[in-house]
Each structure stands twice: as structure tokens, then as C-alpha cells.
$ cat entry17.cif   # mmCIF, C-alpha atoms
data_query
loop_
_atom_site.label_atom_id
_atom_site.label_comp_id
_atom_site.auth_asym_id
_atom_site.auth_seq_id
_atom_site.Cartn_x
_atom_site.Cartn_y
_atom_site.Cartn_z
CA MET Q 1 153.95 197.70 223.43
CA SER Q 2 156.62 198.93 225.76
CA ILE Q 3 156.84 201.84 228.14
CA ARG Q 4 158.25 204.92 226.49
CA PRO Q 5 160.17 207.08 228.98
CA ALA Q 6 158.41 210.22 227.73
CA TRP Q 7 155.03 208.54 228.13
CA LEU Q 8 155.70 207.47 231.69
CA MET Q 9 157.24 210.80 232.61
CA GLY Q 10 154.09 212.55 231.38
CA ALA Q 11 151.90 210.11 233.31
CA SER Q 12 153.97 210.76 236.44
CA LEU Q 13 153.48 214.50 236.02
CA ILE Q 14 149.72 214.06 235.60
CA ALA Q 15 149.63 211.81 238.68
CA VAL Q 16 151.47 214.44 240.73
CA LEU Q 17 149.14 217.22 239.53
CA ALA Q 18 146.12 215.06 240.30
CA GLY Q 19 147.51 214.39 243.78
CA ILE Q 20 148.00 218.11 244.40
CA ALA Q 21 144.46 218.88 243.25
CA LEU Q 22 143.08 216.11 245.45
CA GLY Q 23 145.10 217.37 248.40
CA VAL Q 24 143.83 220.94 248.00
CA TRP Q 25 140.26 219.67 247.73
CA LEU Q 26 140.66 217.37 250.73
CA TYR Q 27 142.13 220.02 252.99
CA THR Q 28 139.81 222.84 251.99
CA SER Q 29 136.75 220.63 252.44
CA ALA Q 30 138.05 219.42 255.82
CA ALA Q 31 138.95 222.93 256.95
CA GLY Q 32 135.73 224.44 255.71
CA GLY Q 33 133.47 221.74 257.10
CA MET W 1 155.72 190.41 220.64
CA THR W 2 154.87 188.29 223.65
CA ALA W 3 158.21 188.79 225.34
CA ALA W 4 157.84 192.56 225.23
CA ARG W 5 154.35 192.43 226.73
CA SER W 6 155.47 190.26 229.60
CA ALA W 7 158.49 192.50 230.13
CA THR W 8 156.32 195.57 230.67
CA PRO W 9 155.58 195.79 234.40
CA TRP W 10 152.11 197.28 234.10
CA LEU W 11 151.20 196.53 237.70
CA ALA W 12 154.34 198.28 238.86
CA VAL W 13 153.57 201.24 236.59
CA ALA W 14 150.03 201.55 238.00
CA ALA W 15 151.26 201.26 241.60
CA TYR W 16 154.04 203.73 240.84
CA LEU W 17 151.57 206.33 239.54
CA VAL W 18 149.35 205.80 242.60
CA GLY W 19 152.42 206.26 244.79
CA MET W 20 153.44 209.49 243.05
CA ALA W 21 149.90 210.89 243.27
CA GLY W 22 149.75 209.89 246.94
CA ILE W 23 153.07 211.62 247.67
CA ALA W 24 151.80 214.82 246.04
CA LEU W 25 148.53 214.58 247.95
CA ALA W 26 150.29 214.07 251.29
CA LEU W 27 152.73 216.91 250.65
CA THR W 28 149.92 219.27 249.63
CA VAL W 29 147.86 218.48 252.72
CA THR W 30 150.95 218.86 254.94
CA PHE W 31 151.76 222.22 253.35
CA LEU W 32 148.21 223.57 253.73
CA ALA W 33 147.64 222.19 257.23
CA MET W 34 150.92 223.73 258.38
CA ARG W 35 149.78 227.12 257.04
CA GLY W 36 146.55 226.66 258.97
CA VAL W 37 148.50 226.14 262.18
CA LEU W 38 150.83 229.07 261.43
CA ASP W 39 147.77 231.25 260.91
CA VAL W 40 146.87 230.80 264.58
CA GLY W 41 150.40 231.54 265.75
CA GLY W 42 152.28 228.30 265.15
CA GLN W 43 150.96 226.35 268.13
CA CYS W 44 147.59 224.83 268.83
CA ALA W 45 145.99 221.98 270.71
CA SER W 46 142.81 219.97 270.71
CA GLY W 47 141.23 217.38 272.99
CA GLY W 48 142.38 216.50 276.49
CA PRO W 49 141.17 217.76 279.87
CA TYR W 50 142.93 221.14 279.80
CA VAL W 51 141.65 224.57 278.87
CA ILE W 52 143.04 225.19 275.40
CA ALA W 53 144.36 228.65 274.69
CA THR W 54 144.63 228.16 270.92
CA PRO W 55 142.36 225.52 269.43
CA CYS W 56 143.59 223.93 266.23
CA PRO W 57 141.91 225.02 263.00
CA ASP W 58 139.61 222.53 261.32
CA GLY W 59 141.52 220.16 259.11
CA THR W 60 144.62 220.00 261.32
CA TRP W 61 143.80 216.39 262.10
CA LEU W 62 144.82 215.62 258.52
CA LEU W 63 148.44 216.62 259.26
CA PRO W 64 149.68 213.50 261.12
CA LEU W 65 147.64 211.33 258.78
CA ALA W 66 149.24 212.96 255.73
CA ILE W 67 152.74 212.47 257.14
CA LEU W 68 152.14 208.78 257.82
CA LEU W 69 150.49 208.13 254.46
CA GLY W 70 153.17 210.16 252.69
CA ILE W 71 155.88 207.88 254.06
CA LEU W 72 153.94 204.81 252.91
CA PHE W 73 153.43 206.30 249.44
CA VAL W 74 157.16 207.06 249.19
CA PHE W 75 157.93 203.42 249.95
CA LEU W 76 155.40 202.30 247.35
CA ALA W 77 156.73 204.63 244.66
CA VAL W 78 160.39 203.77 245.33
CA ALA W 79 159.74 200.03 245.31
CA THR W 80 157.69 200.07 242.11
CA GLY W 81 159.85 202.75 240.47
CA SER W 82 162.89 200.54 241.02
CA ARG W 83 160.99 197.71 239.37
CA ILE W 84 160.37 199.92 236.32
CA GLY W 85 164.01 200.92 236.31
CA GLY W 86 165.90 203.92 235.03
CA ILE W 87 165.26 207.23 236.72
CA TYR W 88 161.90 206.13 238.12
CA GLY W 89 163.41 204.52 241.20
CA SER W 90 165.00 207.83 242.15
CA LEU W 91 162.21 210.22 241.15
CA PRO W 92 160.19 209.76 244.39
CA GLY W 93 163.26 211.11 246.21
CA LEU W 94 162.17 214.56 245.04
CA ALA W 95 159.51 214.27 247.77
CA TRP W 96 162.27 215.12 250.26
CA VAL W 97 163.10 218.30 248.38
CA ALA W 98 159.43 219.23 247.97
CA LEU W 99 158.68 218.59 251.64
CA PHE W 100 161.48 220.67 253.13
CA CYS W 101 161.38 223.45 250.55
CA SER W 102 157.61 223.91 250.82
CA LEU W 103 157.55 223.85 254.62
CA GLY W 104 160.62 226.10 254.67
CA PHE W 105 158.74 228.52 252.44
CA ASN W 106 155.92 228.60 254.99
CA PHE W 107 158.33 229.34 257.83
CA LEU W 108 160.07 232.06 255.83
CA GLN W 109 156.84 233.73 254.74
CA TYR W 110 155.29 233.80 258.20
CA GLY W 111 158.64 234.64 259.84
CA VAL W 112 159.33 237.60 257.59
CA ALA W 113 155.76 238.84 258.10
CA ALA W 114 156.23 238.60 261.88
CA LEU W 115 159.56 240.47 261.69
CA GLY W 116 157.82 243.36 259.98
CA ASP W 117 154.97 243.38 262.46
CA PRO W 118 155.73 245.63 265.48
CA GLU W 119 153.02 243.87 267.49
CA ALA W 120 154.58 240.43 267.05
CA ASP W 121 156.31 239.03 270.11
CA GLY W 122 159.65 238.34 268.47
CA GLY W 123 158.90 234.83 267.21
CA GLY W 124 159.62 235.85 263.64
CA ILE W 125 163.35 235.30 263.86
CA ILE W 126 162.80 231.71 264.99
CA PHE W 127 160.57 231.05 262.00
CA VAL W 128 163.09 232.65 259.64
CA LEU W 129 165.90 230.50 261.06
CA LEU W 130 163.73 227.39 260.75
CA GLY W 131 162.86 228.38 257.19
CA VAL W 132 166.50 228.77 256.22
CA MET W 133 167.32 225.42 257.85
CA PHE W 134 164.49 223.68 255.99
CA GLU W 135 165.49 225.22 252.66
CA VAL W 136 169.08 224.06 253.18
CA MET W 137 167.91 220.56 254.08
CA GLY W 138 165.75 220.45 250.97
CA LEU W 139 168.16 222.00 248.49
CA VAL W 140 171.50 220.45 249.51
CA PRO W 141 170.57 216.89 248.43
CA LEU W 142 169.08 218.28 245.20
CA VAL W 143 172.16 220.32 244.35
CA THR W 144 174.62 217.56 245.24
CA THR W 145 172.62 215.07 243.17
CA MET W 146 172.53 217.43 240.19
CA ILE W 147 176.28 218.03 240.47
CA GLY W 148 176.83 214.27 240.75
CA LEU W 149 174.74 213.67 237.65
CA ARG W 150 176.57 216.32 235.66
CA ALA W 151 180.06 215.35 236.75
CA GLY W 152 179.47 211.69 237.35
CA ARG W 153 179.48 210.36 233.80
CA GLY W 154 182.01 207.59 234.08
CA LEU W 155 183.30 209.00 237.34
CA PRO W 156 182.48 207.97 240.88
CA LEU W 157 180.34 210.30 242.93
CA ALA W 158 182.09 213.00 244.95
CA ALA W 159 184.73 211.49 247.21
CA GLY W 160 183.20 213.16 250.24
CA SER W 161 180.06 211.07 249.99
CA SER W 162 181.68 207.81 248.98
CA SER W 163 181.28 206.42 252.48
CA VAL W 164 177.49 206.46 252.22
CA GLU W 165 177.13 205.57 248.57
CA PRO W 166 176.99 202.00 247.35
CA PRO W 167 180.04 201.04 245.33
CA GLY W 168 178.37 201.62 242.00
CA ARG W 169 179.45 203.71 239.08
CA LEU W 170 177.32 206.80 238.66
CA ASP W 171 176.62 207.05 234.98
CA ALA W 172 173.55 208.90 233.78
CA GLU W 173 173.98 207.59 230.26
CA ASP W 174 174.08 203.97 231.28
CA PRO W 175 170.60 202.47 231.01
CA LEU W 176 171.49 199.83 233.56
CA SER W 177 172.47 202.43 236.12
CA THR W 178 170.29 204.68 238.15
CA SER W 179 171.21 207.49 240.45
CA GLY W 180 169.52 210.06 242.56
CA LEU W 181 168.57 211.08 246.04
CA PHE W 182 168.68 207.55 247.34
CA GLY W 183 172.20 206.99 246.12
CA SER W 184 173.57 205.50 242.98
CA VAL W 185 173.27 202.02 241.63
CA GLY W 186 175.77 201.12 238.97
CA ARG W 187 175.79 198.49 236.28
CA ALA W 188 177.78 196.15 238.49
CA ASP W 189 175.11 196.33 241.19
CA PHE W 190 172.34 195.79 238.67
CA VAL W 191 173.97 192.67 237.29
CA GLY W 192 174.73 191.56 240.82
CA MET W 193 171.01 191.80 241.63
CA ALA W 194 170.32 189.21 239.01
CA GLY W 195 171.93 186.54 241.15
CA PRO W 196 175.27 185.34 242.36
CA SER W 197 177.93 186.45 239.92
CA GLY W 198 180.47 183.77 240.67
CA PRO W 199 181.51 181.04 238.28
CA GLY W 200 177.97 179.64 238.35
CA GLY W 201 176.50 182.88 237.04
CA PRO W 202 173.01 184.13 237.82
CA SER W 203 170.33 181.69 238.90
CA GLY W 204 167.62 180.63 236.43
CA SER W 205 164.74 182.88 237.45
CA ALA W 206 167.07 185.80 238.11
CA MET W 207 168.51 185.40 234.64
CA VAL W 208 165.02 185.43 233.14
CA ASP W 209 164.33 188.66 235.05
CA ALA W 210 167.55 190.18 233.80
CA ILE W 211 166.78 189.18 230.20
CA GLU W 212 163.27 190.60 230.51
CA ARG W 213 164.70 193.90 231.69
CA LEU W 214 167.19 193.89 228.86
CA THR W 215 164.35 193.22 226.44
CA ALA W 216 162.37 196.13 227.85
CA LEU W 217 165.37 198.43 227.52
CA HIS W 218 165.87 197.23 223.98
CA GLN W 219 162.23 197.87 223.15
CA GLN W 220 162.47 201.36 224.59
CA GLY W 221 165.41 202.09 222.35
CA ASN W 222 167.89 202.46 225.19
CA LEU W 223 169.92 199.56 223.89
CA SER W 224 170.98 199.07 220.29
CA ASP W 225 170.56 195.65 218.67
CA GLU W 226 174.27 194.99 219.09
CA GLU W 227 174.32 196.04 222.74
CA PHE W 228 171.24 193.97 223.46
CA ALA W 229 172.69 190.90 221.79
CA ALA W 230 176.02 191.33 223.57
CA ALA W 231 174.41 191.83 226.98
CA LYS W 232 172.11 188.85 226.52
CA HIS W 233 174.99 186.72 225.34
CA ALA W 234 177.05 187.75 228.37
CA LEU W 235 174.19 186.83 230.69
CA ILE W 236 173.66 183.43 229.13
CA GLU W 237 177.38 182.74 229.01
CA GLY W 238 177.61 183.60 232.68
CA LYS W 239 175.05 180.90 233.32
CA GLY W 240 177.16 178.23 231.65
#
$ encode --input "entry17.cif" --output "C-alpha cells"
Amino acid sequence: MSIRPAWLMGASLIAVLAGIALGVWLYTSAAGG
Amino acid sequence: MTAARSATPWLAVAAYLVGMAGIALALTVTFLAMRGVLDVGGQCASGGPYVIATPCPDGTWLLPLAILLGILFVFLAVATGSRIGGIYGSLPGLAWVALFCSLGFNFLQYGVAALGDPEADGGGIIFVLLGVMFEVMGLVPLVTTMIGLRAGRGLPLAAGSSSVEPPGRLDAEDPLSTSGLFGSVGRADFVGMAGPSGPGGPSGSAMVDAIERLTALHQQGNLSDEEFAAAKHALIEGKG
């Protein structure tokens, strides 16, 4: 079991997308509330 | 294989992913909060004893918080990405590009809209100039890094930036080298990190770290059996 570069790159991309989604949700809920 | 398991820095990987998600979150909130402020003219205020001409839109309080947390997440991602090795220590540097290019886009969009609006009070040109400046600040490091990566195989980085770069060899193909927005780290620096490289060679724990990293690279397929054996042999010989 070792880290495959492609695996970690994909996980990084998912983490970034999740962060963007969380940021949009956070701001819109703060701005709307 | 026990050695491979112990060589995989799972904690660093988890913290790295949290850091990358946090950077994206902070940048997104900064981008959106800035648009909220630009929507009310680019200036606002809240609190204090004065009569406020332009109150800040809801959610603006997130802006300073996002900037502060974003910086902390960048530190987290760089530190843990460096622990993982390879390109991952440099990848969080893209946050710089994303920050300036996205905020520059905001300035350009609102500036161009104000230029076309006859009722605007002439602030559009300032926003356009700021937008161009931000785009330049975001894109120049990206372009120079890409050029360095393309041209830097076996060659030092551009002579113009040698004064700020560490004395490492920029080699994208070398698994023991990393390069990017935070400068380049060559093989010599990597080996140097393992401990003093004098006649005594690397210290015990540093040598174990170095061998663990070599093992991880070998497991990932970045090092052939021969390269792995030679590098390990060189490390152990250095110790003697």
C-alpha cells in the first residue's frame, strides 16, 4: 500500500472542489441570513 | 510490506487534503465576499459611532476571517505536502495564482461595467487598472514557473531569478527534486536535509527518514530497483 501520484492528485482535486462547494454554501448562507 | 506501510505518511496526506480544501474554501469566500462589496460600490463600513453611508452586505464579516484562515491552510498544505514529497509541496502555491486571478477578474468585470455606465462616477478605470495589476501578479509566477519547468530539465532556473532561488537543480524528472511557486529544491538539497553531508554522513534518524522516502518512491514506481538499490547503498555508505 503506497500512495499513487494519480490517486493523490485525484483526492486533491476532490478536496479542492469540496472546499469550493463549502465556501459557496458558507457565504450564501451568511449573506442570505 | 511493513516498511512500505510505515513509509506512507497517511497523517500528512489527510492534513494535506484538509489544507487544500481549506485553501479552496477561503479563496471562494474571499472571491464571493469581494463581489458583495463591489456590488455596493467597492466601499462599505459597519460598526463604530459614525453614520455609515454604505453599510456592508451580510456576509462581509467572513472576508477577514477567510484571509486569515486561508494563510493558515496554505502553511498546513505546504508543510504536509513537502512531507509527502514530489509536486505536492509546490501545489498549494497555486493558491497565489487563484487568489490574484480571481480577485483581478472581479475588478475587471466591475471596472469594465462601470466604464460602460454613463452614470458611473469614473471609478471604473481604477478598477480596470487594479484588475490588470492583479492578473499580472497572479499570472507572472505561474508563467515563469511553467517556463522553468519546461526549460529546467537539467538546467538551472532562469539566471534572472537565481538570486532568490535556493541553489538546487531544477529537474522535473528527478523524483528527489521538487519545484514550483515556492522555488526549487534539488536533489542536493534533499540529500542535505537528511543530515550533515560531511565525512560522517547523515545522522541515524535522518538516514532512516531518507531510506523511508526512498522506499516510498520505489513503491510508487518512481525509482527502478537498480536506482533504489544504488541510492540506498549511497546513503548507507555515507553513514560509514
$ resolve_selection --input "entry17.cif" --expression "the PyMOL selection byres ((chain W) within 6 of (chain Q))" --output "PyMOL selection string"
chain W and resi 8+17+20-22+24-25+28-29+58-59+220
$ resolve_selection --input "entry17.cif" --expression "the PyMOL selection byres ((chain W and resi 97) around 10)" --output "MDAnalysis selection string"
chainID W and resid 92:96 98:102 134:142 181
$ atom_distance --input "entry17.cif" --atom1 "CA of Asp117 (chain W)" --atom2 "CA of Arg35 (chain W)"
17.9 Å
$ atom_distance --input "entry17.cif" --atom1 "CA of Gln109 (chain W)" --atom2 "CA of Ala33 (chain W)"
15.0 Å
$ atom_distance --input "entry17.cif" --atom1 "CA of Asp39 (chain W)" --atom2 "CA of Ala53 (chain W)"
14.4 Å
$ resolve_selection --input "entry17.cif" --expression "the PyMOL selection byres ((chain W and resi 42) around 10)" --output "ChimeraX atom specification"
/W:34-41,43-44,54,56,107,110,123,127
$ write_last_selection --input "entry17.cif" --atoms "C-alpha atoms" --output "mmCIF file, in the coordinates of the input"
data_model
loop_
_atom_site.group_PDB
_atom_site.id
_atom_site.type_symbol
_atom_site.label_atom_id
_atom_site.label_comp_id
_atom_site.auth_asym_id
_atom_site.auth_seq_id
_atom_site.Cartn_x
_atom_site.Cartn_y
_atom_site.Cartn_z
ATOM 1 C CA MET W 34 150.920 223.730 258.380
ATOM 2 C CA ARG W 35 149.780 227.120 257.040
ATOM 3 C CA GLY W 36 146.550 226.660 258.970
ATOM 4 C CA VAL W 37 148.500 226.140 262.180
ATOM 5 C CA LEU W 38 150.830 229.070 261.430
ATOM 6 C CA ASP W 39 147.770 231.250 260.910
ATOM 7 C CA VAL W 40 146.870 230.800 264.580
ATOM 8 C CA GLY W 41 150.400 231.540 265.750
ATOM 9 C CA GLN W 43 150.960 226.350 268.130
ATOM 10 C CA CYS W 44 147.590 224.830 268.830
ATOM 11 C CA THR W 54 144.630 228.160 270.920
ATOM 12 C CA CYS W 56 143.590 223.930 266.230
ATOM 13 C CA PHE W 107 158.330 229.340 257.830
ATOM 14 C CA TYR W 110 155.290 233.800 258.200
ATOM 15 C CA GLY W 123 158.900 234.830 267.210
ATOM 16 C CA PHE W 127 160.570 231.050 262.000
#
$ residues_near_point --input "entry17.cif" --point "(161.1, 237.8, 261.4)" --cutoff "8 Å" --atoms "only C-alpha atoms" --output "PyMOL selection string"
chain W and resi 110-116+122-128
$ closest_residue --input "entry17.cif" --among "W:Leu11, W:Met207, W:Val18, W:Ile87" --to "Leu72 (chain W)" --atoms "only C-alpha atoms"
W:Val18
